[in-house]
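A short worksheet on the structure shown next.
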Amino acid sequence: MPITKKNPKVHPSGDKRFRMLEATMKRYQYASDALIEVLHQAQELFGYLEEDLLLYIAHSLKLPPSRVYGVATFYHFFSLKQKGAHTCVVCMGTACYVKGAANLLTTLEQQHHIKAGETSPDGQLSLVTARCLGACGIAPAVVVDGNVEGHQTSESVISRVKECLDHGY
Amino acid sequence: MDIEELNAIAQRENQKQQKTCIRCCTVGGCLSANGLAVKEHLEEAVTAAGLGGKVSVAGVGCMGLCSQGPLVRVDPEGTLYDRVTTDNASEIVASLSNNVSAMDELSLKTYPASQYQPHNHPFFTRQLKIVLENSGKIDPENIEEYIGADGYQGLYKVLREMTPESVVETITRSGLRGRGGAGYPTGLKWATVAKVGETPRSVPQKFVICNADEGDPGAFMDRSVLESDPHRVIEGMAIAAYAVGANQGYIYVRGEYPLAINHLQTAIRQAKRLGLLGSQIFESPFDFKIDLRIGAGAFVCGEETALMASIEGKRGIPRPRPPYPAESGLWGCPTLINNVETFANVPTIIRKGADWFSNIGTETSKGTKVFSLAGKVCNTGLIEVPMGTTLQQIVEEMGGGVPDGGKAKAVQTGGPSGGCIPAAAFDTPVDYESLTKLGSIMGSGGAIVMDESTNMVDVARFFMEFCMDESCGKCVPCRAGTVQLYQLLTKIREGKADLTDLEKLEELCHMVKYTSLCGLGQSAPNPVFSTLRYFRDEYLGLIST
């Protein structure tokens, strides 16, 4: 998205979220080493990092787009694709793995016909795996829309995800 | 802030402690198990019972026994209730209101769910808490409670009574070693950073970094310390900064730990407000500031040079050492980088002295170690034991063994960089050297118990997949080697391999170990090595003849 020459700080789309992103960058004084913090904020505001947004950040922090793209693709946390309306994260840490997290994942994959890392065609559910949530005491754990659920079984995780898709919580 | 104010706060807090207090764990596993709702119900029940003035309810950090959460403890008696539900809340309070003085006895009789008596359960009695001394006792979001538990006394002592050299000397004498995994002597590291620019015309900018990028799957000690007692880490960092001559600190914390980030932000804000961070702390010439840096999900960022690249806003890619961070670290400046648990040990060492600390533990490894005990074991959670405790004691006595009468087969320590220790070696006292000898490492402290149903080739493959995904791609041995190793392990697992594949696997493991650039690649073959060493039969059993 081209940035107008007259006022480089205001995004032409007039989207308010850009203003909030701008505030974050200002707080870090547009320092290039704040790139990861800015990307965190951008992802929080927009849900994912699309190309235009990355270019906008590159322009504001005076960084080559390659550097911004490089950082955004290096870290697992940043997503360049739109996520589903709901997400289910299956923890694949060692403790969860030993307690059968792989089964949970297979069950979910079969139930919703998507693979880990994919979003269902209707855009409702994203299935993600995590390295370790640090919730090993309640393994195996999944996170459904930000809520950690411990001691899961194939049945409980299926019904929990269904509940989330049907009722939105 | 001066010492009178600090002591006044501490005194006020200690008076509060005399009263009956219901403490409810609201972090980590207990939070996921509805701990916050339990706390709210307890508060309502206390008000409803008209005990508002006599009994207080507080949210605290981790009490250790995470699998049995939510945990609630009634102090000062210390009765611990496990698996408390919102319905139980009123029962607990009801047992108090019947007779506040004899509630310990009463609650034992009336409370239906199981209870742990921390005084005689081996999960608790074998522990010696230094790092976790305040966890589960104080409200992590209240700096005054930390001060009440002798908090910031260590910082006062070093700033007003000790020279930087004597601080380094104390840490050296204590024998504290890095708790992040490699076990490098902390005092030596501090001395190296302190020495840089000792006699220059201008003193260089130095940094202190706390590595809270706890990436090992199955390890959650750092998360728990940061969530339960964040001020301890801040105080440890400030003491370190004074010792090495730094005035700026960074805490690099995983993005996966939102609550830890939240508690750290609160803690930093409170410390600033009381003048315990900022300029001229305790009216001394020492200035210190801490900023948070949030990780974005890259395991390799636990490696110190990659972590510093990430703080600089770059891709987290390691670089060859030397130069070590002590000479050229963050932005090319001398940098001290230690793990969360290492910093958390510091305030207590300063307060109680190096000799006290060096009396705990074994000949080469002093102090305690926090382990996160998880996997196929009855009592999962956090434990802090003196170095030299055997795995037998940890798994069978404290952990209560494998559930449903199963038998432990191995313990995996050190995450993807560590190895599996077979049950036959469980009588080994745990310290840095003994674990290395067994082909594993201390690592950050994850201890995952595996039982007979776990296939060890699967475990090796699981960790190799992890390393393959997490390899940053800078050096070929790690980038390509881990992929090949993973494919070989898959082939073995599927029963399609022959003996030459097994030879290839071993050969390639050695190659990756000796030629990779950073710790990730160098240690990636460790799980394969250790499973080959102790469970070769399982590999051979899968090989087609």
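By convention here, the chains of the structure tokens are called A, B, ... in the order presented, each chain's residues are numbered starting at 1, and ligands are numbered starting at 1 in the order presented.
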For chain A versus chain B, which residues have an atom no more than 10 Å away, and what is each residue's nearest atom pair and distance in Å rounded to one decimal, using only C-alpha atoms, chain-then-number order, as a Markdown table?
```
| residue | atom | partner | partner_atom | distance |
| --- | --- | --- | --- | --- |
| A:Ala31 | CA | B:Gly313 | CA | 9.4 |
| A:Ser32 | CA | B:Gly313 | CA | 6.9 |
| A:Asp33 | CA | B:Gly313 | CA | 4.2 |
| A:Ala34 | CA | B:Gly313 | CA | 5.7 |
| A:Leu35 | CA | B:Gly313 | CA | 5.2 |
| A:Ile36 | CA | B:Gly313 | CA | 5.5 |
| A:Glu37 | CA | B:Ile294 | CA | 7.1 |
| A:Val38 | CA | B:Gly313 | CA | 9.7 |
| A:Leu39 | CA | B:Ala296 | CA | 9.5 |
| A:His40 | CA | B:Ala296 | CA | 7.9 |
| A:Arg67 | CA | B:Lys314 | CA | 7.8 |
| A:Val68 | CA | B:Lys314 | CA | 8.6 |
| A:Gly70 | CA | B:Arg315 | CA | 6.9 |
| A:Val71 | CA | B:Arg315 | CA | 5.1 |
| A:Ala72 | CA | B:Arg315 | CA | 8.5 |
| A:Thr73 | CA | B:Arg315 | CA | 8.9 |
| A:Phe74 | CA | B:Arg315 | CA | 6.2 |
| A:Tyr75 | CA | B:Ala296 | CA | 5.5 |
| A:His76 | CA | B:Gly297 | CA | 5.1 |
| A:Phe77 | CA | B:Ala296 | CA | 4.9 |
| A:Phe78 | CA | B:Ala296 | CA | 7.2 |
| A:Cys91 | CA | B:Pro217 | CA | 9.4 |
| A:Met92 | CA | B:Pro217 | CA | 8.0 |
| A:Gly93 | CA | B:Pro217 | CA | 4.5 |
| A:Thr94 | CA | B:Gly218 | CA | 5.2 |
| A:Ala95 | CA | B:Gly375 | CA | 4.6 |
| A:Cys96 | CA | B:Gly375 | CA | 7.2 |
| A:Tyr97 | CA | B:Gly375 | CA | 8.5 |
| A:Val98 | CA | B:Gly375 | CA | 6.1 |
| A:Lys99 | CA | B:Gly375 | CA | 6.5 |
| A:Ala130 | CA | B:Glu256 | CA | 9.0 |
| A:Arg131 | CA | B:Pro217 | CA | 6.2 |
| A:Cys132 | CA | B:Pro217 | CA | 4.8 |
| A:Leu133 | CA | B:Glu256 | CA | 6.4 |
| A:Gly134 | CA | B:Phe220 | CA | 4.7 |
| A:Ala135 | CA | B:Gly29 | CA | 5.7 |
| A:Cys136 | CA | B:Gly218 | CA | 5.9 |
| A:Gly137 | CA | B:Ser67 | CA | 4.7 |
| A:Ile138 | CA | B:Ser67 | CA | 5.2 |
| A:Ala139 | CA | B:Gly375 | CA | 7.5 |
| A:Pro140 | CA | B:Gly375 | CA | 9.2 |
| A:Ala141 | CA | B:Ser32 | CA | 9.5 |
| A:Val143 | CA | B:Ser32 | CA | 9.6 |
| A:Asn147 | CA | B:Ser32 | CA | 7.3 |
| A:Val148 | CA | B:Ser32 | CA | 5.3 |
| A:Glu149 | CA | B:Ser32 | CA | 6.2 |
| A:Gly150 | CA | B:Ser32 | CA | 7.0 |
| A:His151 | CA | B:Ser67 | CA | 8.9 |
```
task: Could you tell me, as a list of chain:residue names, which residues of stretch 407-475 of chain B DSSP assigns to strand (DSSP E) when given the backbone?
output: B:Ala408, B:Lys409, B:Ala410, B:Val411, B:Gln412, B:Thr413, B:Gly419, B:Cys420, B:Ile421, B:Pro422, B:Gly446, B:Ala447, B:Ile448, B:Val449, B:Met450, B:Asp451
field: Non-local contacts of B:Thr531 (7 Å; only C-alpha atoms; under 5 positions in same chain excluded) as a ChimeraX atom specification
entry: /B:420,456,536
Please produce a file of those selected residues containing N, CA and C atoms, as a PDB file, in the first residue's frame.
```
ATOM      1  N   CYS B 420      18.050 -39.923  27.797  1.00  0.00           N
ATOM      2  CA  CYS B 420      17.192 -40.735  28.643  1.00  0.00           C
ATOM      3  C   CYS B 420      18.047 -41.555  29.598  1.00  0.00           C
ATOM      4  N   MET B 456      11.288 -46.097  22.911  1.00  0.00           N
ATOM      5  CA  MET B 456      12.409 -45.169  22.978  1.00  0.00           C
ATOM      6  C   MET B 456      12.833 -44.660  21.602  1.00  0.00           C
ATOM      7  N   ARG B 536      19.340 -50.161  23.047  1.00  0.00           N
ATOM      8  CA  ARG B 536      19.706 -50.616  21.708  1.00  0.00           C
ATOM      9  C   ARG B 536      18.786 -51.740  21.229  1.00  0.00           C
TER      10      ARG B 536
END
```
message: I'd like the contact shell of B:Cys475 - 7 Å cut-off, only C-alpha atoms, skipping same-chain residues fewer than 3 positions apart - returned as a PyMOL selection string.
response: chain B and resi 478-479+516-517
- prompt: atom CA of B:Tyr539 and atom CA of B:Pro527 are how many Å apart?
  reply: 13.2 Å
- prompt: Could you name the residues that touch stretch 109-115 of chain A at 12 Å or less, counting only C-alpha atoms, but leaving out those on the same chain fewer than 5 positions away, as a list in words?
  reply: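 Skipping anything fewer than 5 positions along the chain leaves Gly84, Cys88, Val89, Val90, Ala102, Asn103, Leu104, Ser120, Pro121, Asp122, Gly123, Gln124, Leu125, Ser126, Leu127, Val128, Thr129, Ser154, Glu155, Val157, Ile158, Ser159, Val161, Lys162 and Leu165 of chain A.
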task: Using only C-alpha atoms, determine which residues lie at most 12 Å from A:Glu22, disregarding the query and same-chain residues fewer than 5 positions distant; provide the list as an NGL selection string.
output: :A and (8-11 or 15-17 or 27-30 or 38-39 or 41-42 or 45 or 53 or 56-57 or 59-61)
Keeping only N, CA and C atoms, write those residues as a PDB file, in the first residue's frame.
```pdb
ATOM      1  N   PRO A   8       3.543  10.994   5.817  1.00  0.00           N
ATOM      2  CA  PRO A   8       3.956   9.586   5.826  1.00  0.00           C
ATOM      3  C   PRO A   8       3.457   8.824   7.043  1.00  0.00           C
ATOM      4  N   LYS A   9       3.053   9.530   8.071  1.00  0.00           N
ATOM      5  CA  LYS A   9       2.692   8.844   9.308  1.00  0.00           C
ATOM      6  C   LYS A   9       1.254   8.321   9.308  1.00  0.00           C
ATOM      7  N   VAL A  10       0.428   8.874   8.430  1.00  0.00           N
ATOM      8  CA  VAL A  10      -0.966   8.445   8.439  1.00  0.00           C
ATOM      9  C   VAL A  10      -1.206   7.464   7.302  1.00  0.00           C
ATOM     10  N   HIS A  11      -1.769   6.342   7.628  1.00  0.00           N
ATOM     11  CA  HIS A  11      -2.029   5.345   6.610  1.00  0.00           C
ATOM     12  C   HIS A  11      -3.244   5.759   5.779  1.00  0.00           C
ATOM     13  N   ASP A  15      -7.588   3.319   8.471  1.00  0.00           N
ATOM     14  CA  ASP A  15      -7.846   2.276   9.457  1.00  0.00           C
ATOM     15  C   ASP A  15      -7.265   2.703  10.807  1.00  0.00           C
ATOM     16  N   LYS A  16      -8.116   2.670  11.813  1.00  0.00           N
ATOM     17  CA  LYS A  16      -7.681   3.164  13.129  1.00  0.00           C
ATOM     18  C   LYS A  16      -6.560   2.339  13.733  1.00  0.00           C
ATOM     19  N   ARG A  17      -6.537   1.055  13.345  1.00  0.00           N
ATOM     20  CA  ARG A  17      -5.519   0.184  13.937  1.00  0.00           C
ATOM     21  C   ARG A  17      -4.110   0.656  13.581  1.00  0.00           C
ATOM     22  N   ARG A  27       6.496   4.912  20.649  1.00  0.00           N
ATOM     23  CA  ARG A  27       6.984   4.640  21.989  1.00  0.00           C
ATOM     24  C   ARG A  27       8.405   4.069  21.939  1.00  0.00           C
ATOM     25  N   TYR A  28       8.690   3.291  20.921  1.00  0.00           N
ATOM     26  CA  TYR A  28      10.045   2.752  20.760  1.00  0.00           C
ATOM     27  C   TYR A  28      10.921   3.686  19.926  1.00  0.00           C
ATOM     28  N   GLN A  29      10.467   4.877  19.713  1.00  0.00           N
ATOM     29  CA  GLN A  29      11.186   5.912  18.966  1.00  0.00           C
ATOM     30  C   GLN A  29      11.619   5.427  17.585  1.00  0.00           C
ATOM     31  N   TYR A  30      10.799   4.629  16.962  1.00  0.00           N
ATOM     32  CA  TYR A  30      11.063   4.106  15.618  1.00  0.00           C
ATOM     33  C   TYR A  30      12.421   3.417  15.523  1.00  0.00           C
ATOM     34  N   VAL A  38       7.205  -4.467  17.620  1.00  0.00           N
ATOM     35  CA  VAL A  38       6.236  -3.854  16.705  1.00  0.00           C
ATOM     36  C   VAL A  38       5.444  -4.945  15.986  1.00  0.00           C
ATOM     37  N   LEU A  39       6.125  -6.005  15.564  1.00  0.00           N
ATOM     38  CA  LEU A  39       5.418  -7.090  14.887  1.00  0.00           C
ATOM     39  C   LEU A  39       4.418  -7.771  15.828  1.00  0.00           C
ATOM     40  N   GLN A  41       2.806  -6.342  18.240  1.00  0.00           N
ATOM     41  CA  GLN A  41       1.671  -5.436  18.357  1.00  0.00           C
ATOM     42  C   GLN A  41       0.828  -5.483  17.084  1.00  0.00           C
ATOM     43  N   ALA A  42       1.504  -5.516  15.935  1.00  0.00           N
ATOM     44  CA  ALA A  42       0.793  -5.540  14.659  1.00  0.00           C
ATOM     45  C   ALA A  42      -0.059  -6.803  14.563  1.00  0.00           C
ATOM     46  N   LEU A  45      -3.096  -6.527  16.711  1.00  0.00           N
ATOM     47  CA  LEU A  45      -4.114  -5.626  16.169  1.00  0.00           C
ATOM     48  C   LEU A  45      -4.809  -6.209  14.953  1.00  0.00           C
ATOM     49  N   LEU A  53       1.149  -4.709   5.380  1.00  0.00           N
ATOM     50  CA  LEU A  53       1.450  -4.309   6.758  1.00  0.00           C
ATOM     51  C   LEU A  53       2.960  -4.383   6.998  1.00  0.00           C
ATOM     52  N   TYR A  56       4.575  -1.500   5.381  1.00  0.00           N
ATOM     53  CA  TYR A  56       4.323  -0.282   6.155  1.00  0.00           C
ATOM     54  C   TYR A  56       5.287  -0.178   7.348  1.00  0.00           C
ATOM     55  N   ILE A  57       5.460  -1.320   8.032  1.00  0.00           N
ATOM     56  CA  ILE A  57       6.373  -1.337   9.183  1.00  0.00           C
ATOM     57  C   ILE A  57       7.804  -1.089   8.724  1.00  0.00           C
ATOM     58  N   HIS A  59       8.810   0.558   6.189  1.00  0.00           N
ATOM     59  CA  HIS A  59       8.940   1.969   5.833  1.00  0.00           C
ATOM     60  C   HIS A  59       9.078   2.834   7.082  1.00  0.00           C
ATOM     61  N   SER A  60       8.248   2.539   8.079  1.00  0.00           N
ATOM     62  CA  SER A  60       8.246   3.379   9.286  1.00  0.00           C
ATOM     63  C   SER A  60       9.535   3.225  10.088  1.00  0.00           C
ATOM     64  N   LEU A  61      10.057   2.012  10.152  1.00  0.00           N
ATOM     65  CA  LEU A  61      11.259   1.789  10.962  1.00  0.00           C
ATOM     66  C   LEU A  61      12.532   1.974  10.140  1.00  0.00           C
TER      67      LEU A  61
END
```
